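Peer 1: To start, I am sharing the structure in question, which I have written as structure tokens.
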Amino acid sequence: MIKRLLSFCTVVFGVLSLTFLLIHLVPGDPVEVMLGESASLADREALRADLGLNQPIAKQFGSYLSRLAHADFGVSIHTKTPIIALIKTRYPATLKLACLALLIGVGIGVPLGVYAALKAGHWQDLLVTIISVRLSAMPAFWLGPMLMLIFAVWLGYLPVSGMDSPSSIVLPALTLGFGLSAILTRMTRTSLLEVLNDDFIRTARAKGLSEPQVILHHALRAALLPIITIVGLQMGSLLAGTVITETIFSWDGVGRLLVESIEKRDYPVTQACVLLVALSYVVVNLVTDLLYRWADPRIKLAH
Amino acid sequence: MFLIYRLLSALLLCLLLSLSACKPGDPSASASHALVFAISQAPLNLDPRYATDAASERLNRLLYQSLVVLADDGKPLASLAAWQQLSPLIYRFTLIKNRPAFHYHQTAGQKSKIRLVNAYDVKATYDSLITLSDSPHSAEFSNVKNIIVQDEVSLLFHLKKEDGHFPAKLLLGILPVELIKKRHDFAHFPVGSGPLVLLDSHNKWRLQRISDGQRITLIEVKDPTVRMLKLLHAEVDLIQGDLPPESVRYLQSKPTLQVKTSEGVNFSYLGLNMQDAQLKQLKVRQALAHAIDREAIIKKAMLSHTRLGGAILPPEHYLQQQVLPAYRYDPALARRLLLEAGVSLPMKLVYKTSTDAQRVRLATILQAQMRTAGIDLEIRSLDWATFFAEIKHGNFQLYGLTWVGVKTPAIYSQAFASSSVPPHGFNRGRYQDAVLDPLLIKEDWLAVTQRIHQQLPYIPLWYEGQFAAMGKSIQNYSPKADGNWDDLATISAYAH
């Protein structure tokens, strides 16, 4: 447990310092974005001092860490809004979208993968493979507008983008979910095919268990480990805010907030968003480890 | 096996049911309540003393009223006030009788308050601007010595130095004095005397027209394709600018939409780094000008109504009034000029641009055209903030940008005077010209534009055409030359 806590702290510190360094290395700073070109040098210096940007980088980082230790994320340089309030309004939207996308991804990907494995070598397997390869090759910036065109403009069932109605979430969730389902289909198929030839499956069949019982209770459970790994990794990236999808669909989540803050060089907001992303990954990894143990009791967390 | 089939069928059924449960939008219903305008970039700051981005400036023109407005030919016209130059250093401004009123925000349980704009408001607005250390506009008014209110409707501006174009600078929205004193948050809760009032700005900007109560909502949709699809799906009533020409042509083919186009005044150019060993040679700059087939680009890759550009101010500007000879497309001449300049071919240059798809496309066209003239152009597209920072710091050889909304000749001093190198001005190319500087001081704008056109510290490209696409029911809205949204003060939709 201590080991895990230490690795958690190392990851978070690494992310914090790297983000801080990189964002300060990129050309452009908030003062330039805020004041424009016509501002006088004195005004620029005054604002830079006001924001603490005239301090050496190490000192700025030190005071940032000290504020963070007191759970003070600071305020947005541009809007002066407390960052914690910004995240509180944006994170639930990302969480909602991520959960639905995961549901769609798992709901489509796992059954399709099982189906492909059971039909291995047949045309159905080939068809599923072609669909999943096609889906995984479709980037969100292409798939999103295509779904908009079909379901919103042509069929008129759903809104193009925005967050105005409950149905607004369907298209961004499908955009993310389709990509995820493609990966899960391939992973489930491969993993299940490895298991289906094992002795314990033959034994289960010899015992007279029905095919669905053999597949669902024995084969699929044994094939779950790599699937859980992929789901965990994907959930981490979904919670990190799916930058492109949120931007295309005008979805006010963490991903869009991160993009906006980078555009405006709003350092504190960018740092807070990246920290949130890192924490999301760490938490999801922990949950994934726990799920491993559930899927295969031979695995012990201590190892 | 049967279970898998059942699972798949159930999933498909659920998906179809959930989709069929969604009702198609009813565009007319939404349009009858509020007109929705999709914009590419959200306004960042609605306090006119701080606003610098185009969206904020365009919205602020509708939320506030300024003392002066500029006509299409750039001449200053009285808006809130008429003026008189009493001496070279003193201007008197007199507020017009039928001037508009401030519309204060309606807070819970209170009625909205209104009162007329007065001279004390004008003084407080400009005084506060001059004293603000973090306003991008305060430096522009450093020439103001003091402002003296004579009575409710008249006031004097005393200048430190003579400035014949001073009235044309007074374009700032006027704020109410009592709220300035209270340090009111105008950035989020604007209180002005313009034709529109902001109701709220949570993710979208809900506005109301004072004259008839018409609601107008601005929503930010960054992706151009999504903006177009939202218009096609009638989720929005209006879009303007920031769309590739082929998308505009597609919209023009749709019978449910109307697309209006007009000439523009926003000037696109290729910026050159005059400190670069190659680019500091006039012949190299002339070669670049002759290596670009601007007419072909305008014809094939630009919006209709885009026209060749010669100088930042368009030829119809009252201080321009001259047609500058265009540099004709002649790759053979360009190649010869490069050889005469002692450059070994192909000449390698790096061109920096933003990540905007249309800008990147133009860059690739330039790259192809320049290749025939012996110029090997390497394209580097950067995110906007990085790109602009690189330009301001002089880390470039060539870049492409557009001057937006420029209406006064002061831009020539800010962009080309030797003393205007960033951070002291917009002379991003670090151009130093001992002949030009005295002309700028003398404000001999005709001679200034001729000298710039001859010396080519930038390569002039074009004035981009403007367009607005809207539903058939939309009336009284046309795109403006500088892309402003002033017609939101008159826009209407008739019921089907």
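Residue numbering restarts at 1 in every chain; chains get A, B, ... in the order shown in the structure tokens, and ligands count up from 1 in that same order.
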Can you pull out every residue within 9 Å of His188 in chain B, counting only C-alpha atoms, but drop anything in the same chain fewer than 6 positions away, and send it as a count of residues only?
Peer 2: 6
Peer 1: Determine, counting only C-alpha atoms, which protein, DNA and RNA residues have an atom within 12 Å of an atom of range 52-68 of chain A; residues of the same chain fewer than 4 positions away are not included. Present the result as a ChimeraX atom specification.
Peer 2: /A:12-13,16-25,29-32,44-48,72-75,77,83-84,266-268,271-272,275
Peer 1: Tell me, as a list in words, which residues lie within 8 Å of Arg380 in chain B, counting only C-alpha atoms; anything in the same chain fewer than 4 positions away does not count.
Peer 2: Val350, Tyr351, Lys352 and Thr353 of chain B
Peer 1: Write out as number ranges by chain the residues lying within 12 Å of Leu231 in chain B, counting only C-alpha atoms and excluding same-chain residues fewer than 3 positions away.
Peer 2: A: 149, 152-153, 159-161; B: 27, 31, 35-39, 221, 224-228, 234-240, 247-248, 251, 254, 256-259, 468-472
Peer 1: For the residues in the current selection, export C-alpha atoms as a PDB file, in the first residue's frame.
Peer 2:
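The new file part08.pdb reads:
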ATOM      1  CA  LEU A 149     -24.854  14.670 -40.887  1.00  0.00           C
ATOM      2  CA  ALA A 152     -29.123  15.320 -37.156  1.00  0.00           C
ATOM      3  CA  VAL A 153     -29.212  16.841 -40.622  1.00  0.00           C
ATOM      4  CA  PRO A 159     -29.322  17.883 -32.255  1.00  0.00           C
ATOM      5  CA  VAL A 160     -26.060  18.584 -34.092  1.00  0.00           C
ATOM      6  CA  SER A 161     -24.159  19.759 -31.028  1.00  0.00           C
TER       7      SER A 161
ATOM      8  CA  PRO B  27     -36.724  25.110 -36.104  1.00  0.00           C
ATOM      9  CA  ALA B  31     -36.757  30.972 -34.193  1.00  0.00           C
ATOM     10  CA  LEU B  35     -32.672  34.249 -33.145  1.00  0.00           C
ATOM     11  CA  VAL B  36     -29.603  32.092 -32.734  1.00  0.00           C
ATOM     12  CA  PHE B  37     -26.288  33.260 -34.166  1.00  0.00           C
ATOM     13  CA  ALA B  38     -23.416  30.742 -34.186  1.00  0.00           C
ATOM     14  CA  ILE B  39     -20.017  32.383 -33.825  1.00  0.00           C
ATOM     15  CA  VAL B 221     -19.304  26.719 -32.246  1.00  0.00           C
ATOM     16  CA  PRO B 224     -16.696  25.372 -39.157  1.00  0.00           C
ATOM     17  CA  THR B 225     -18.314  22.146 -40.390  1.00  0.00           C
ATOM     18  CA  VAL B 226     -20.428  21.898 -37.252  1.00  0.00           C
ATOM     19  CA  ARG B 227     -21.501  25.543 -37.643  1.00  0.00           C
ATOM     20  CA  MET B 228     -22.608  24.764 -41.165  1.00  0.00           C
ATOM     21  CA  ALA B 234     -31.967  24.987 -38.368  1.00  0.00           C
ATOM     22  CA  GLU B 235     -30.508  24.819 -34.864  1.00  0.00           C
ATOM     23  CA  VAL B 236     -29.068  28.239 -35.604  1.00  0.00           C
ATOM     24  CA  ASP B 237     -30.497  31.010 -37.747  1.00  0.00           C
ATOM     25  CA  LEU B 238     -27.342  32.775 -38.780  1.00  0.00           C
ATOM     26  CA  ILE B 239     -23.643  32.212 -39.317  1.00  0.00           C
ATOM     27  CA  GLN B 240     -21.107  34.701 -40.608  1.00  0.00           C
ATOM     28  CA  SER B 247     -18.755  25.276 -47.738  1.00  0.00           C
ATOM     29  CA  VAL B 248     -20.190  28.690 -48.602  1.00  0.00           C
ATOM     30  CA  LEU B 251     -24.778  26.572 -48.531  1.00  0.00           C
ATOM     31  CA  LYS B 254     -29.480  24.966 -50.423  1.00  0.00           C
ATOM     32  CA  THR B 256     -33.859  26.657 -47.470  1.00  0.00           C
ATOM     33  CA  LEU B 257     -31.029  29.112 -46.923  1.00  0.00           C
ATOM     34  CA  GLN B 258     -29.962  32.518 -48.180  1.00  0.00           C
ATOM     35  CA  VAL B 259     -26.323  33.499 -48.433  1.00  0.00           C
ATOM     36  CA  ALA B 468     -23.485  35.667 -43.957  1.00  0.00           C
ATOM     37  CA  ALA B 469     -25.662  32.578 -44.332  1.00  0.00           C
ATOM     38  CA  MET B 470     -29.096  32.474 -42.766  1.00  0.00           C
ATOM     39  CA  GLY B 471     -32.515  30.904 -42.924  1.00  0.00           C
ATOM     40  CA  LYS B 472     -34.915  32.167 -45.576  1.00  0.00           C
TER      41      LYS B 472
END
Peer 1: Using only C-alpha atoms, which of the listed residues (A:Leu225, A:Ile215, A:Ala140, A:Leu95) sits closest to Ile169 in chain A?
Peer 2: A:Leu95
Peer 1: How many Å separate CA of Gly264 in chain B from CA of Asn484 in chain B?
Peer 2: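 Atom-to-atom, CA of Gly264 in chain B to CA of Asn484 in chain B, that is 10.7 Å.
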Peer 1: For Gln275 in chain B, please output as a ChimeraX atom specification all residues within 10 Å (counting only C-alpha atoms; exclusion window: fewer than 3 positions along the same chain).
Peer 2: /B:272,278-281,394,396-397,429-432
Peer 1: Which residues, written as an mmCIF file with N, CA and C atoms, in the first residue's frame, have at least one atom at most 8 Å from Lys204 in chain B, with only C-alpha atoms counted and residues fewer than 5 positions away on the same chain left out?
Peer 2:
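New file out_12.cif:
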data_model
loop_
_atom_site.group_PDB
_atom_site.id
_atom_site.type_symbol
_atom_site.label_atom_id
_atom_site.label_comp_id
_atom_site.auth_asym_id
_atom_site.auth_seq_id
_atom_site.Cartn_x
_atom_site.Cartn_y
_atom_site.Cartn_z
ATOM 1 N N THR B 217 -29.592 35.089 -29.415
ATOM 2 C CA THR B 217 -28.652 34.283 -28.636
ATOM 3 C C THR B 217 -27.400 34.013 -29.466
ATOM 4 N N LEU B 218 -26.260 34.274 -28.880
ATOM 5 C CA LEU B 218 -24.989 33.944 -29.535
ATOM 6 C C LEU B 218 -24.465 32.650 -28.919
ATOM 7 N N ILE B 219 -24.105 31.703 -29.763
ATOM 8 C CA ILE B 219 -23.489 30.482 -29.226
ATOM 9 C C ILE B 219 -22.146 30.270 -29.930
ATOM 10 N N GLU B 220 -21.197 29.768 -29.161
ATOM 11 C CA GLU B 220 -19.876 29.537 -29.735
ATOM 12 C C GLU B 220 -19.805 28.125 -30.309
#
Peer 1: Hey, which of B:Lys442, B:Arg92, B:His233, B:His393 ends up closest to Phe151 in chain A? Count only C-alpha atoms.
Peer 2: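 With only C-alpha atoms as the atom set, the closest residue is B:His233.
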Peer 1: Quick check for you: according to DSSP on this backbone, which residues of range 258-465 of chain B are classed as strand (DSSP E)? Reply as a PyMOL selection string.
Peer 2: chain B and resi 258-262+267-272+307-308+347-354+375-382+398-403+458-463
Peer 1: Could you pull the residues within 7 Å of Gly253 in chain A, counting only C-alpha atoms, minus those fewer than 6 positions along the same chain, as a list in words?
Peer 2: Arg90, Tyr91, Ala93, Thr94, Gly241 and Glu246 of chain A
Peer 1: Would you mind telling me which residue in A:Ser181, A:Thr203, A:Thr89, A:Thr288 lies nearest to Leu233 in chain A when using only C-alpha atoms?
Peer 2: A:Thr288
Peer 1: Taking only range 49-260 of chain B into account, list the residues labelled alpha helix (DSSP H) by DSSP (computed from the backbone), as number ranges by chain.
Peer 2: B: 54-63, 119-131, 177-181, 224-232, 245-252
Peer 1: With distances taken over only C-alpha atoms, which of B:Leu446, B:Leu86, B:Ile391, B:Leu401 is nearest to chain A?
Peer 2: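 Nearest candidate to chain A out of B:Leu446, B:Leu86, B:Ile391, B:Leu401: B:Ile391.
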Peer 1: For a test of reading the model, state the distance in Å between CA of Leu366 in chain B and CA of Met347 in chain B, rounded to one decimal.
Peer 2: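 Computing it gives 14.2 Å between the two atoms.
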Peer 1: One decimal, in Å: what's the spacing between CA of Ala101 in chain B and CA of Trp485 in chain B?
Peer 2: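 If I compute the distance from CA of Ala101 in chain B to CA of Trp485 in chain B, I get 20.8 Å.
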Peer 1: With distances taken over only C-alpha atoms, which of A:Leu176, A:Ala69, A:Met146, A:Leu184 is nearest to chain B?
Peer 2: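 Of A:Leu176, A:Ala69, A:Met146, A:Leu184, the one nearest chain B is A:Met146, counting only C-alpha atoms.
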